[in-house]
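Each remark here refers to the structure printed beneath this line.
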Amino acid sequence: MHNRLIAIIGAGVMGCATALDVARAGYRVILQDISTSVIEHAPDVIRREYRSACFLKQGYGQVPLDQIMERILFQTQDEGVEEASIIIENVTENLELKKEVYARLYHTARPDALFALNTSCISVTKLASFLPDPGRVIGVHLMNPVPVKSMVEVIKGHHTTQGTEHEMVAFLKTLDKSPVVIEDLPGFVSNRLSHLLMNEAAYIVQDGIATPEQVDAIMKKGFNYQMGPLETADLIGLDTVVHSLKVLYDSYQDPKFRCCPMLQRMVDAGQWGRKTGQGFYAY
């Protein structure tokens, strides 16, 4: 077991899955969220993620779930976070909310702590400006589902030091991840490409050219995608997709990122995908 303590801020699905992966690798973990109800449900989310990972990834169950759970401390307070060598921020992709969290961590984290920001669209350089040492801040875009996806998009901010980059890459490799280090612009590589595809797929359905099933079948059978773009959108959450498209549009002022009206209407109607039981598909 590693002696290092890793603090994960935000106990949504991504935060829970990240805590699972980090604890499975032998690290001590603090999983923190300001919501009592979220923290109370977090152990069940982790158990569900573990069962799914055991089914989808060979060998994942070699580390018993009981051992993993013993390494995770669930809490709503920041107590102990000051001892963490790495702080992984997993809060909602909302700049103002992230700023509030960073303001709190600014006075809590130890001076040499490394900040790993699990952002999917917002510029790492912009986020790093709200933290005490931008040189020790780096973007870590984990993919959903975290235990199954080995590729991690690692984003260097303007001030990210080479030491921070090397430290984060080494850490991710202990989680059996394959980090790809890139430069910083909103959306990075994965979301600039994937959100264009998901948005255009929504336009195709809106225009009556094909059904969601047909769109996804063409991409899977014709281009060897493991999941179709609309299945992926449902998995991510249509609310998250719409928000990310808005971030991309605001960042680049490019009409290619204009959100499909049908996609916005679905979000307004509460059809957010798997998390609500209805999106492009029923769950």
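We name chains A, B, ... following the order of the structure tokens; residues begin at 1 in each chain, and ligands are numbered from 1 as shown.
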For range 42-88 of chain A versus range 144-147 of chain A, which residues have an atom no more than 10 Å away, and what is each residue's nearest atom pair and distance in Å rounded to one decimal, using only C-alpha atoms, chain-then-number order, as a tab-separated table?
```
residue	atom	partner	partner_atom	distance
A:Glu49	CA	A:Pro147	CA	7.8
A:Tyr50	CA	A:Pro147	CA	8.0
A:Ser52	CA	A:Pro147	CA	8.9
A:Ala53	CA	A:Pro147	CA	6.0
A:Cys54	CA	A:Pro147	CA	9.2
A:Leu56	CA	A:Pro147	CA	9.2
A:Lys57	CA	A:Pro147	CA	8.1
A:Tyr60	CA	A:Pro147	CA	8.4
```
Serialized selection, N, CA and C atoms, as a PDB file, in the first residue's frame:
```
ATOM      1  N   GLU A  49     -19.746   0.958  -9.391  1.00  0.00           N
ATOM      2  CA  GLU A  49     -18.648   1.139 -10.349  1.00  0.00           C
ATOM      3  C   GLU A  49     -17.699  -0.057 -10.313  1.00  0.00           C
ATOM      4  N   TYR A  50     -17.456  -0.583  -9.125  1.00  0.00           N
ATOM      5  CA  TYR A  50     -16.562  -1.732  -8.975  1.00  0.00           C
ATOM      6  C   TYR A  50     -17.136  -2.960  -9.680  1.00  0.00           C
ATOM      7  N   SER A  52     -19.281  -3.052 -12.107  1.00  0.00           N
ATOM      8  CA  SER A  52     -19.241  -2.816 -13.547  1.00  0.00           C
ATOM      9  C   SER A  52     -17.834  -3.015 -14.097  1.00  0.00           C
ATOM     10  N   ALA A  53     -16.823  -2.503 -13.374  1.00  0.00           N
ATOM     11  CA  ALA A  53     -15.442  -2.625 -13.827  1.00  0.00           C
ATOM     12  C   ALA A  53     -14.991  -4.080 -13.845  1.00  0.00           C
ATOM     13  N   CYS A  54     -15.419  -4.851 -12.853  1.00  0.00           N
ATOM     14  CA  CYS A  54     -15.068  -6.281 -12.815  1.00  0.00           C
ATOM     15  C   CYS A  54     -15.635  -7.017 -14.019  1.00  0.00           C
ATOM     16  N   LEU A  56     -16.330  -5.528 -17.000  1.00  0.00           N
ATOM     17  CA  LEU A  56     -15.824  -4.979 -18.253  1.00  0.00           C
ATOM     18  C   LEU A  56     -14.307  -5.072 -18.414  1.00  0.00           C
ATOM     19  N   LYS A  57     -13.579  -5.182 -17.296  1.00  0.00           N
ATOM     20  CA  LYS A  57     -12.119  -5.144 -17.366  1.00  0.00           C
ATOM     21  C   LYS A  57     -11.521  -6.355 -16.674  1.00  0.00           C
ATOM     22  N   TYR A  60      -9.778  -6.744 -12.864  1.00  0.00           N
ATOM     23  CA  TYR A  60     -10.050  -5.615 -11.967  1.00  0.00           C
ATOM     24  C   TYR A  60     -10.437  -6.102 -10.571  1.00  0.00           C
TER      25      TYR A  60
END
```
Separation of CA of Arg136 in chain A from CA of Gln77 in chain A in Å: 23.4 Å
Enumerate, in order of chain and increasing residue number, the residues of range 2-117 of chain A with an atom no farther than 12 Å from range 218-242 of chain A, each with its shortest atom pair and distance in Å to one decimal, counting only C-alpha atoms, as a Markdown table.
```
| residue | atom | partner | partner_atom | distance |
| --- | --- | --- | --- | --- |
| A:Val13 | CA | A:Ile236 | CA | 10.1 |
| A:Met14 | CA | A:Ile236 | CA | 10.0 |
| A:Thr92 | CA | A:Thr240 | CA | 8.8 |
| A:Glu93 | CA | A:Thr240 | CA | 7.8 |
| A:Asn94 | CA | A:Thr240 | CA | 10.1 |
```
Write out the residues from the selection above, keeping N, CA and C atoms, as a PDB file, in the first residue's frame.
```pdb
ATOM      1  N   VAL A  13     -20.313  10.993  -9.824  1.00  0.00           N
ATOM      2  CA  VAL A  13     -19.935   9.718 -10.444  1.00  0.00           C
ATOM      3  C   VAL A  13     -18.445   9.690 -10.767  1.00  0.00           C
ATOM      4  N   MET A  14     -17.919  10.785 -11.354  1.00  0.00           N
ATOM      5  CA  MET A  14     -16.506  10.820 -11.711  1.00  0.00           C
ATOM      6  C   MET A  14     -15.617  10.800 -10.467  1.00  0.00           C
ATOM      7  N   THR A  92     -18.417  20.037 -10.412  1.00  0.00           N
ATOM      8  CA  THR A  92     -19.145  20.305 -11.653  1.00  0.00           C
ATOM      9  C   THR A  92     -18.421  21.327 -12.526  1.00  0.00           C
ATOM     10  N   GLU A  93     -18.548  21.150 -13.841  1.00  0.00           N
ATOM     11  CA  GLU A  93     -17.876  22.008 -14.816  1.00  0.00           C
ATOM     12  C   GLU A  93     -18.528  23.386 -14.844  1.00  0.00           C
ATOM     13  N   ASN A  94     -18.318  24.109 -13.740  1.00  0.00           N
ATOM     14  CA  ASN A  94     -18.892  25.444 -13.570  1.00  0.00           C
ATOM     15  C   ASN A  94     -17.814  26.337 -12.969  1.00  0.00           C
TER      16      ASN A  94
END
```
I'd like the contact shell of Lys173 in chain A - 12 Å cut-off, only C-alpha atoms, skipping same-chain residues fewer than 5 positions apart - returned as number ranges by chain. A: 21-22, 25, 150-152, 166-168, 178-180
Output for the residues just chosen: N, CA, C and O atoms as a PDB file, in the first residue's frame:
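Output below, filename again09.pdb:
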```
ATOM      1  N   ASP A  21     -10.529   3.927  -8.284  1.00  0.00           N
ATOM      2  CA  ASP A  21      -9.302   3.589  -9.005  1.00  0.00           C
ATOM      3  C   ASP A  21      -8.056   3.900  -8.174  1.00  0.00           C
ATOM      4  O   ASP A  21      -7.103   3.124  -8.149  1.00  0.00           O
ATOM      5  N   VAL A  22      -8.065   5.051  -7.508  1.00  0.00           N
ATOM      6  CA  VAL A  22      -6.905   5.467  -6.720  1.00  0.00           C
ATOM      7  C   VAL A  22      -6.725   4.553  -5.509  1.00  0.00           C
ATOM      8  O   VAL A  22      -5.609   4.117  -5.199  1.00  0.00           O
ATOM      9  N   ALA A  25      -5.355   1.167  -6.328  1.00  0.00           N
ATOM     10  CA  ALA A  25      -3.909   1.171  -6.556  1.00  0.00           C
ATOM     11  C   ALA A  25      -3.113   1.208  -5.255  1.00  0.00           C
ATOM     12  O   ALA A  25      -1.878   1.146  -5.286  1.00  0.00           O
ATOM     13  N   SER A 150      -8.294   3.593 -19.960  1.00  0.00           N
ATOM     14  CA  SER A 150      -6.894   3.766 -19.559  1.00  0.00           C
ATOM     15  C   SER A 150      -6.323   5.115 -20.009  1.00  0.00           C
ATOM     16  O   SER A 150      -5.447   5.674 -19.341  1.00  0.00           O
ATOM     17  N   MET A 151      -6.815   5.661 -21.120  1.00  0.00           N
ATOM     18  CA  MET A 151      -6.266   6.920 -21.623  1.00  0.00           C
ATOM     19  C   MET A 151      -6.695   8.089 -20.731  1.00  0.00           C
ATOM     20  O   MET A 151      -7.854   8.193 -20.351  1.00  0.00           O
ATOM     21  N   VAL A 152      -5.735   8.953 -20.398  1.00  0.00           N
ATOM     22  CA  VAL A 152      -6.010  10.170 -19.645  1.00  0.00           C
ATOM     23  C   VAL A 152      -5.388  11.335 -20.393  1.00  0.00           C
ATOM     24  O   VAL A 152      -4.211  11.311 -20.741  1.00  0.00           O
ATOM     25  N   HIS A 166       5.891  15.695 -14.815  1.00  0.00           N
ATOM     26  CA  HIS A 166       6.516  14.390 -14.579  1.00  0.00           C
ATOM     27  C   HIS A 166       5.891  13.680 -13.377  1.00  0.00           C
ATOM     28  O   HIS A 166       5.668  12.463 -13.410  1.00  0.00           O
ATOM     29  N   GLU A 167       5.615  14.456 -12.327  1.00  0.00           N
ATOM     30  CA  GLU A 167       5.025  13.872 -11.124  1.00  0.00           C
ATOM     31  C   GLU A 167       3.631  13.316 -11.415  1.00  0.00           C
ATOM     32  O   GLU A 167       3.272  12.225 -10.956  1.00  0.00           O
ATOM     33  N   MET A 168       2.832  14.076 -12.183  1.00  0.00           N
ATOM     34  CA  MET A 168       1.480  13.619 -12.482  1.00  0.00           C
ATOM     35  C   MET A 168       1.491  12.403 -13.402  1.00  0.00           C
ATOM     36  O   MET A 168       0.731  11.448 -13.211  1.00  0.00           O
ATOM     37  N   SER A 178      -2.733   5.472 -19.177  1.00  0.00           N
ATOM     38  CA  SER A 178      -1.818   5.840 -20.268  1.00  0.00           C
ATOM     39  C   SER A 178      -1.996   7.332 -20.541  1.00  0.00           C
ATOM     40  O   SER A 178      -2.818   7.730 -21.366  1.00  0.00           O
ATOM     41  N   PRO A 179      -1.233   8.183 -19.847  1.00  0.00           N
ATOM     42  CA  PRO A 179      -1.402   9.636 -20.013  1.00  0.00           C
ATOM     43  C   PRO A 179      -0.871  10.148 -21.347  1.00  0.00           C
ATOM     44  O   PRO A 179       0.169   9.697 -21.829  1.00  0.00           O
ATOM     45  N   VAL A 180      -1.624  11.070 -21.945  1.00  0.00           N
ATOM     46  CA  VAL A 180      -1.200  11.769 -23.159  1.00  0.00           C
ATOM     47  C   VAL A 180      -1.137  13.244 -22.802  1.00  0.00           C
ATOM     48  O   VAL A 180      -2.159  13.861 -22.498  1.00  0.00           O
TER      49      VAL A 180
END
```
Go through A:Val267, A:Ala113, A:Leu127, A:Ile209 and flag the residue nearest Ala7 in chain A, using only C-alpha atoms for the distances.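 Ranked by minimum distance to Ala7 in chain A, first place goes to A:Ala113.
Looking only at range 64-158 of chain A, the set that DSSP places in alpha helix (DSSP H) from backbone geometry is Leu65, Asp66, Gln67, Ile68, Met69, Glu70, Leu95, Glu96, Leu97, Lys98, Lys99, Glu100, Val101, Tyr102, Ala103, Arg104, Leu105, Tyr106, Val124, Thr125, Lys126, Leu127 and Ala128 of chain A.
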Export of the given selection (C-alpha atoms) as a compact mmCIF listing (two decimals), in the first residue's frame:
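The resulting file, result.txt, is reproduced below:
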```txt
# COMPACT_ATOMS: atom_id res chain seq x y z
CA LEU A 65 -13.76 -4.34 -2.70
CA ASP A 66 -13.51 -4.50 1.10
CA GLN A 67 -9.81 -3.60 0.94
CA ILE A 68 -10.55 -0.70 -1.39
CA MET A 69 -13.33 0.69 0.82
CA GLU A 70 -11.08 0.55 3.90
CA LEU A 95 -16.29 28.19 -13.28
CA GLU A 96 -17.89 30.05 -10.36
CA LEU A 97 -18.35 26.84 -8.38
CA LYS A 98 -14.77 25.81 -9.05
CA LYS A 99 -13.54 29.25 -7.92
CA GLU A 100 -15.38 28.81 -4.61
CA VAL A 101 -13.73 25.43 -4.08
CA TYR A 102 -10.29 26.79 -4.98
CA ALA A 103 -10.70 29.70 -2.58
CA ARG A 104 -11.28 27.18 0.20
CA LEU A 105 -8.41 24.94 -0.83
CA TYR A 106 -6.12 27.95 -1.21
CA VAL A 124 -6.39 24.96 -17.17
CA THR A 125 -4.43 28.22 -17.26
CA LYS A 126 -7.57 30.13 -16.30
CA LEU A 127 -8.40 27.75 -13.46
CA ALA A 128 -4.80 27.75 -12.21
```
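Near His141 in chain A, within 10 Å and counting only C-alpha atoms, sit Asn90, Ala116, Leu117, Asn118, Thr119, Ser120, Cys121, Ile138, Gly139, Met143, Asn144, Met151, Val152, Glu153, Val154, Ile155, Pro179, Val180, Phe188, Ser190 and Asn191 of chain A; same-chain residues fewer than 2 positions away were not included.
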What is the CA of Gln75 in chain A to CA of Gln32 in chain A distance in Å?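 According to the coordinates, CA of Gln75 in chain A and CA of Gln32 in chain A are separated by 5.0 Å.
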